[in-house]
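First the structure, in the form of structure tokens, and then the observations on it.
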Amino acid sequence: MEPIIIVGSGLAGYTLARELRKLDAETPLTLITADDGRFYSKPMLSNALAAGKSADALATADAARMAEQLQAEILTHAKVEAIDPGARSITVDGRPRGYRKLVLALGADPVRPQLAGDGAAEVLSVNDLADYARFRRAIENKRRVAIMGGGLIGCEFANDLVAAGYRVDLIHPAAHPLERLLPAPAAEALGDALARAGVTWHLGASVSRVDKAAGGYRLTLSDGSALEAEAVLSAIGLRPRADLARAAGIDTGRGIRVDRRLQSSAPDVYALGDCAEVEGLLLPFVMPLMQAARALAKTLTGTPTEVVYPAMPVVVKTPACPLAVAPPSPGAEGEWHIDDEADGVCALFRDAQGRLRGFALAGAATTKRSALAQQLPAVLP
């Protein structure tokens, strides 16, 4: 019998494999990964520094242990070069492999900044365990780090770095951090808290060039100012890995387009996690991934199941200013109602009928997260 093949050993791939094994202990299962196959939780990468955790400490099991737990074949340091949906096969390092079902859990790549300067190629990003190990080596015995991008990942890394004793310059082109998730008052609360913790903000500007300088790098910003840093981290966004599917003629948009059963346009080819665009939604967070994995495991084992996304607030790991966010759906009509509390901000997005459609909670207001989440409509009913 041909196996179910999962391409990717991140949180999506391994979570699906575990859910599959809860339902079916017999069907052959193969996971293929470009890295060493160690299991770790990717969200921990942006808050491990202050806790003193190395890359090795974040990994809880190696590929051999995971293979034993899952009763699966795990191919490490392997590259999937092509998919042939008609033949139900993939090409792995030049050799064909047949599949019964194929699941693409490919993740996403960091968006690379377009920079001038002889130091541009040395700008770092952290997207996996190997990246994190490289970042730790780069900042060892250093004190000043510049971060490009004040979104979720950039703010989490900034908080983690200052908590670990580093000086941080954070460069962000918008007027506030996390402007795509937060209304201005909540964003200002976050920005102010990080500034008090030691982050130096450079808002309304982006990095134009990175040049090597004595002891590190010189960054030139779009507003003409400049700053020095000993390491530079880019956190300007992620792009779903869809090229492999696209080259096989599988329908793609921003990600690999799939329906409510996580089925792509090709028979028996599925996608989940950061690479998957589910009914037009890209949700690169843990809770949607878990919902998708449970539903897909049922589908793959003979019970076709549509994924349901309940309200899924995102908890941002910024201890300087705890945040919980459930953004309103794109295009939702309504307005924000802001309550500035003594130790936080409670921002509620309500429609014309007064129904709650989203929220952003900062500081002490995050204690209301669970109660408010119960009032929200499902993201994907």
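Here, A, B, ... name the chains of the structure tokens in the order displayed, residue numbers run from 1 inside each chain, and ligands are numbered from 1 in the same displayed order.
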Within 8 Å of Thr318 of chain A using only C-alpha atoms, minus same-chain residues under 5 positions, as a list of chain:residue names: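 Within the cut-off, the hits are A:Cys155, A:Glu156, A:Asn159, A:Asp160, A:Leu323.
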Thr76 of chain A environment, 9 Å, only C-alpha atoms, sequence neighbours closer than 3 positions dropped, as a list in words: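 The neighbour list is Leu31, Ile32, Thr33, Ala34, Asp35, Asp36, Gly37, Ala63 and Lys79 of chain A.
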For segment 162-166 of chain A: contacts at 12 Å, only C-alpha atoms, fewer than 5 positions along chain excluded, given as an NGL selection string: :A and (46-53 or 136 or 139-147 or 155-157 or 193-200 or 229-231 or 318-320)
For Ala82 of chain A, the nearest of the candidates A:Ile250, A:Leu272, A:Ala61, A:Leu129, counting only C-alpha atoms: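 Using only C-alpha atoms, the shortest distance to Ala82 of chain A belongs to A:Ile250.
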Pairwise distance for atom CA of Ala120 of chain A and atom CA of Ala138 of chain A, rounded to one decimal in Å: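 Here the two named atoms are 14.8 Å from each other.
All residues of segment 103-192 of chain A that DSSP, run on the backbone, classes as strand (DSSP E) are Val103, Leu104, Ala108, Asp109, Pro110, Arg144, Val145, Ala146, Ile147, Met148, Arg167, Val168, Asp169, Leu170, Ile171 and His172 of chain A.
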Who sits within 7 Å of Thr30 of chain A, only C-alpha atoms, same chain under 6 positions skipped, as a ChimeraX atom specification: /A:3-6,72-74
Write out as a JSON list (two decimals) with N, CA and C atoms, in the first residue's frame which residues come within 10 Å of Ala373 of chain A when counting only C-alpha atoms, dropping same-chain ones fewer than 3 positions away.
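Dumped everything to part27.json:
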```json
[["chain", "number", "residue", "atom", "x", "y", "z"],
["A", 310, "PRO", "N", -13.52, 28.39, 15.00],
["A", 310, "PRO", "CA", -14.25, 29.23, 15.96],
["A", 310, "PRO", "C", -13.53, 30.57, 16.10],
["A", 311, "ALA", "N", -14.03, 31.42, 16.95],
["A", 311, "ALA", "CA", -13.28, 32.63, 17.28],
["A", 311, "ALA", "C", -11.94, 32.20, 17.89],
["A", 312, "MET", "N", -10.86, 32.75, 17.37],
["A", 312, "MET", "CA", -9.53, 32.30, 17.79],
["A", 312, "MET", "C", -8.65, 33.51, 18.12],
["A", 313, "PRO", "N", -8.78, 34.08, 19.30],
["A", 313, "PRO", "CA", -7.95, 35.23, 19.65],
["A", 313, "PRO", "C", -6.46, 34.86, 19.61],
["A", 325, "VAL", "N", -5.72, 39.57, 20.76],
["A", 325, "VAL", "CA", -6.35, 40.23, 19.62],
["A", 325, "VAL", "C", -7.22, 39.24, 18.86],
["A", 326, "ALA", "N", -8.45, 39.66, 18.57],
["A", 326, "ALA", "CA", -9.33, 38.93, 17.66],
["A", 326, "ALA", "C", -9.78, 39.95, 16.62],
["A", 356, "LEU", "N", -20.63, 42.29, 18.83],
["A", 356, "LEU", "CA", -19.17, 42.25, 18.89],
["A", 356, "LEU", "C", -18.62, 41.48, 17.70],
["A", 357, "ARG", "N", -17.68, 42.08, 16.98],
["A", 357, "ARG", "CA", -17.08, 41.46, 15.79],
["A", 357, "ARG", "C", -15.57, 41.31, 15.91],
["A", 358, "GLY", "N", -15.00, 41.88, 16.95],
["A", 358, "GLY", "CA", -13.56, 41.76, 17.15],
["A", 358, "GLY", "C", -13.15, 42.51, 18.40],
["A", 359, "PHE", "N", -11.94, 42.26, 18.86],
["A", 359, "PHE", "CA", -11.46, 43.00, 20.02],
["A", 359, "PHE", "C", -9.94, 43.04, 20.01],
["A", 368, "LYS", "N", -10.08, 39.71, 30.08],
["A", 368, "LYS", "CA", -11.43, 39.60, 29.52],
["A", 368, "LYS", "C", -11.47, 38.74, 28.26],
["A", 369, "ARG", "N", -10.32, 38.21, 27.86],
["A", 369, "ARG", "CA", -10.22, 37.51, 26.57],
["A", 369, "ARG", "C", -11.23, 36.38, 26.42],
["A", 370, "SER", "N", -11.27, 35.48, 27.37],
["A", 370, "SER", "CA", -12.13, 34.30, 27.24],
["A", 370, "SER", "C", -13.61, 34.68, 27.19],
["A", 376, "LEU", "N", -18.03, 36.29, 20.16],
["A", 376, "LEU", "CA", -17.68, 36.51, 18.76],
["A", 376, "LEU", "C", -18.26, 35.45, 17.84],
["A", 377, "PRO", "N", -18.58, 35.81, 16.60],
["A", 377, "PRO", "CA", -18.99, 34.80, 15.63],
["A", 377, "PRO", "C", -17.79, 33.94, 15.22],
["A", 378, "ALA", "N", -18.06, 32.76, 14.72],
["A", 378, "ALA", "CA", -16.99, 31.90, 14.22],
["A", 378, "ALA", "C", -16.30, 32.54, 13.02]]
```
For segment 104-114 of chain A: contacts at 7 Å, only C-alpha atoms, fewer than 6 positions along chain excluded, given as a PyMOL selection string: chain A and resi 6-8+12-13+125+127+236-241+270-275
Contacts of Ala187 of chain A at 12 Å (only C-alpha atoms; same-chain gap of 2+ positions) as a PyMOL selection string: chain A and resi 150-152+155+174-185+189-194+321-325+344-347+360-363
Top pick for closest residue to Met44 of chain A, considering A:Leu203, A:Met66, A:Ile256, A:Ile153 and counting only C-alpha atoms: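 Under the stated criterion, the closest residue is A:Ile153.
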Straight-line distance linking atom CA of Arg137 of chain A with atom CA of His202 of chain A, stated in Å to one decimal: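 These atoms are spaced 25.7 Å apart.
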Segment 159-284 of chain A: residues DSSP assigns to alpha helix (DSSP H), reported as a PyMOL selection string: chain A and resi 159-163+184-197+243-247
Would you output that residue set with N, CA, C and O atoms, as an mmCIF file, in the first residue's frame?
```cif
data_model
loop_
_atom_site.group_PDB
_atom_site.id
_atom_site.type_symbol
_atom_site.label_atom_id
_atom_site.label_comp_id
_atom_site.auth_asym_id
_atom_site.auth_seq_id
_atom_site.Cartn_x
_atom_site.Cartn_y
_atom_site.Cartn_z
ATOM 1 N N ASN A 159 10.854 42.519 22.514
ATOM 2 C CA ASN A 159 10.613 42.347 23.946
ATOM 3 C C ASN A 159 11.566 41.314 24.531
ATOM 4 O O ASN A 159 12.145 41.507 25.615
ATOM 5 N N ASP A 160 11.766 40.215 23.808
ATOM 6 C CA ASP A 160 12.635 39.155 24.299
ATOM 7 C C ASP A 160 14.085 39.637 24.407
ATOM 8 O O ASP A 160 14.780 39.331 25.372
ATOM 9 N N LEU A 161 14.524 40.392 23.419
ATOM 10 C CA LEU A 161 15.910 40.873 23.411
ATOM 11 C C LEU A 161 16.178 41.859 24.539
ATOM 12 O O LEU A 161 17.203 41.768 25.229
ATOM 13 N N VAL A 162 15.281 42.823 24.749
ATOM 14 C CA VAL A 162 15.531 43.787 25.836
ATOM 15 C C VAL A 162 15.450 43.092 27.193
ATOM 16 O O VAL A 162 16.197 43.440 28.122
ATOM 17 N N ALA A 163 14.582 42.085 27.304
ATOM 18 C CA ALA A 163 14.504 41.338 28.563
ATOM 19 C C ALA A 163 15.785 40.555 28.819
ATOM 20 O O ALA A 163 16.133 40.276 29.973
ATOM 21 N N ALA A 184 -5.338 52.184 17.000
ATOM 22 C CA ALA A 184 -4.240 53.048 17.447
ATOM 23 C C ALA A 184 -4.028 53.068 18.968
ATOM 24 O O ALA A 184 -2.887 52.969 19.422
ATOM 25 N N PRO A 185 -5.064 53.165 19.807
ATOM 26 C CA PRO A 185 -4.797 53.232 21.257
ATOM 27 C C PRO A 185 -4.102 51.985 21.803
ATOM 28 O O PRO A 185 -3.214 52.094 22.660
ATOM 29 N N ALA A 186 -4.506 50.815 21.330
ATOM 30 C CA ALA A 186 -3.850 49.582 21.786
ATOM 31 C C ALA A 186 -2.424 49.501 21.256
ATOM 32 O O ALA A 186 -1.504 49.068 21.958
ATOM 33 N N ALA A 187 -2.239 49.931 19.996
ATOM 34 C CA ALA A 187 -0.896 49.934 19.416
ATOM 35 C C ALA A 187 0.021 50.892 20.159
ATOM 36 O O ALA A 187 1.200 50.590 20.395
ATOM 37 N N GLU A 188 -0.511 52.048 20.545
ATOM 38 C CA GLU A 188 0.283 53.022 21.293
ATOM 39 C C GLU A 188 0.658 52.465 22.674
ATOM 40 O O GLU A 188 1.782 52.687 23.160
ATOM 41 N N ALA A 189 -0.263 51.734 23.301
ATOM 42 C CA ALA A 189 0.037 51.131 24.611
ATOM 43 C C ALA A 189 1.197 50.153 24.479
ATOM 44 O O ALA A 189 2.102 50.120 25.318
ATOM 45 N N LEU A 190 1.190 49.363 23.410
ATOM 46 C CA LEU A 190 2.285 48.423 23.177
ATOM 47 C C LEU A 190 3.588 49.162 22.914
ATOM 48 O O LEU A 190 4.631 48.843 23.507
ATOM 49 N N GLY A 191 3.537 50.155 22.033
ATOM 50 C CA GLY A 191 4.745 50.912 21.703
ATOM 51 C C GLY A 191 5.347 51.590 22.916
ATOM 52 O O GLY A 191 6.565 51.554 23.128
ATOM 53 N N ASP A 192 4.487 52.183 23.741
ATOM 54 C CA ASP A 192 4.973 52.871 24.942
ATOM 55 C C ASP A 192 5.586 51.884 25.931
ATOM 56 O O ASP A 192 6.625 52.158 26.543
ATOM 57 N N ALA A 193 4.963 50.727 26.096
ATOM 58 C CA ALA A 193 5.481 49.734 27.037
ATOM 59 C C ALA A 193 6.832 49.197 26.589
ATOM 60 O O ALA A 193 7.754 49.027 27.403
ATOM 61 N N LEU A 194 6.982 48.934 25.288
ATOM 62 C CA LEU A 194 8.267 48.457 24.786
ATOM 63 C C LEU A 194 9.334 49.538 24.905
ATOM 64 O O LEU A 194 10.504 49.246 25.189
ATOM 65 N N ALA A 195 8.940 50.792 24.707
ATOM 66 C CA ALA A 195 9.899 51.889 24.866
ATOM 67 C C ALA A 195 10.376 51.971 26.319
ATOM 68 O O ALA A 195 11.569 52.154 26.589
ATOM 69 N N ARG A 196 9.457 51.814 27.257
ATOM 70 C CA ARG A 196 9.848 51.837 28.671
ATOM 71 C C ARG A 196 10.769 50.666 29.002
ATOM 72 O O ARG A 196 11.645 50.771 29.863
ATOM 73 N N ALA A 197 10.567 49.558 28.295
ATOM 74 C CA ALA A 197 11.403 48.378 28.542
ATOM 75 C C ALA A 197 12.793 48.519 27.941
ATOM 76 O O ALA A 197 13.700 47.767 28.291
ATOM 77 N N ASP A 243 5.233 27.572 -4.302
ATOM 78 C CA ASP A 243 5.867 27.355 -5.610
ATOM 79 C C ASP A 243 5.807 25.906 -6.060
ATOM 80 O O ASP A 243 5.598 25.620 -7.239
ATOM 81 N N LEU A 244 5.999 24.972 -5.139
ATOM 82 C CA LEU A 244 5.974 23.554 -5.500
ATOM 83 C C LEU A 244 4.605 23.171 -6.060
ATOM 84 O O LEU A 244 4.507 22.476 -7.088
ATOM 85 N N ALA A 245 3.552 23.618 -5.401
ATOM 86 C CA ALA A 245 2.197 23.337 -5.876
ATOM 87 C C ALA A 245 1.925 24.050 -7.196
ATOM 88 O O ALA A 245 1.340 23.478 -8.124
ATOM 89 N N ARG A 246 2.343 25.289 -7.286
ATOM 90 C CA ARG A 246 2.109 26.073 -8.496
ATOM 91 C C ARG A 246 2.754 25.408 -9.707
ATOM 92 O O ARG A 246 2.158 25.330 -10.789
ATOM 93 N N ALA A 247 3.987 24.927 -9.522
ATOM 94 C CA ALA A 247 4.698 24.282 -10.632
ATOM 95 C C ALA A 247 4.011 22.996 -11.080
ATOM 96 O O ALA A 247 4.170 22.562 -12.227
#
```
Shortest interatomic distance to Arg355 of chain A - which of A:Asp169, A:Glu26, A:Asp128, A:Glu333, counting only C-alpha atoms: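 Closest residue, counting only C-alpha atoms: A:Glu333.
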Best match for closeness to Met148 of chain A among A:Ile90, A:Ala130, A:Leu233, A:Leu75, counting only C-alpha atoms: A:Leu233
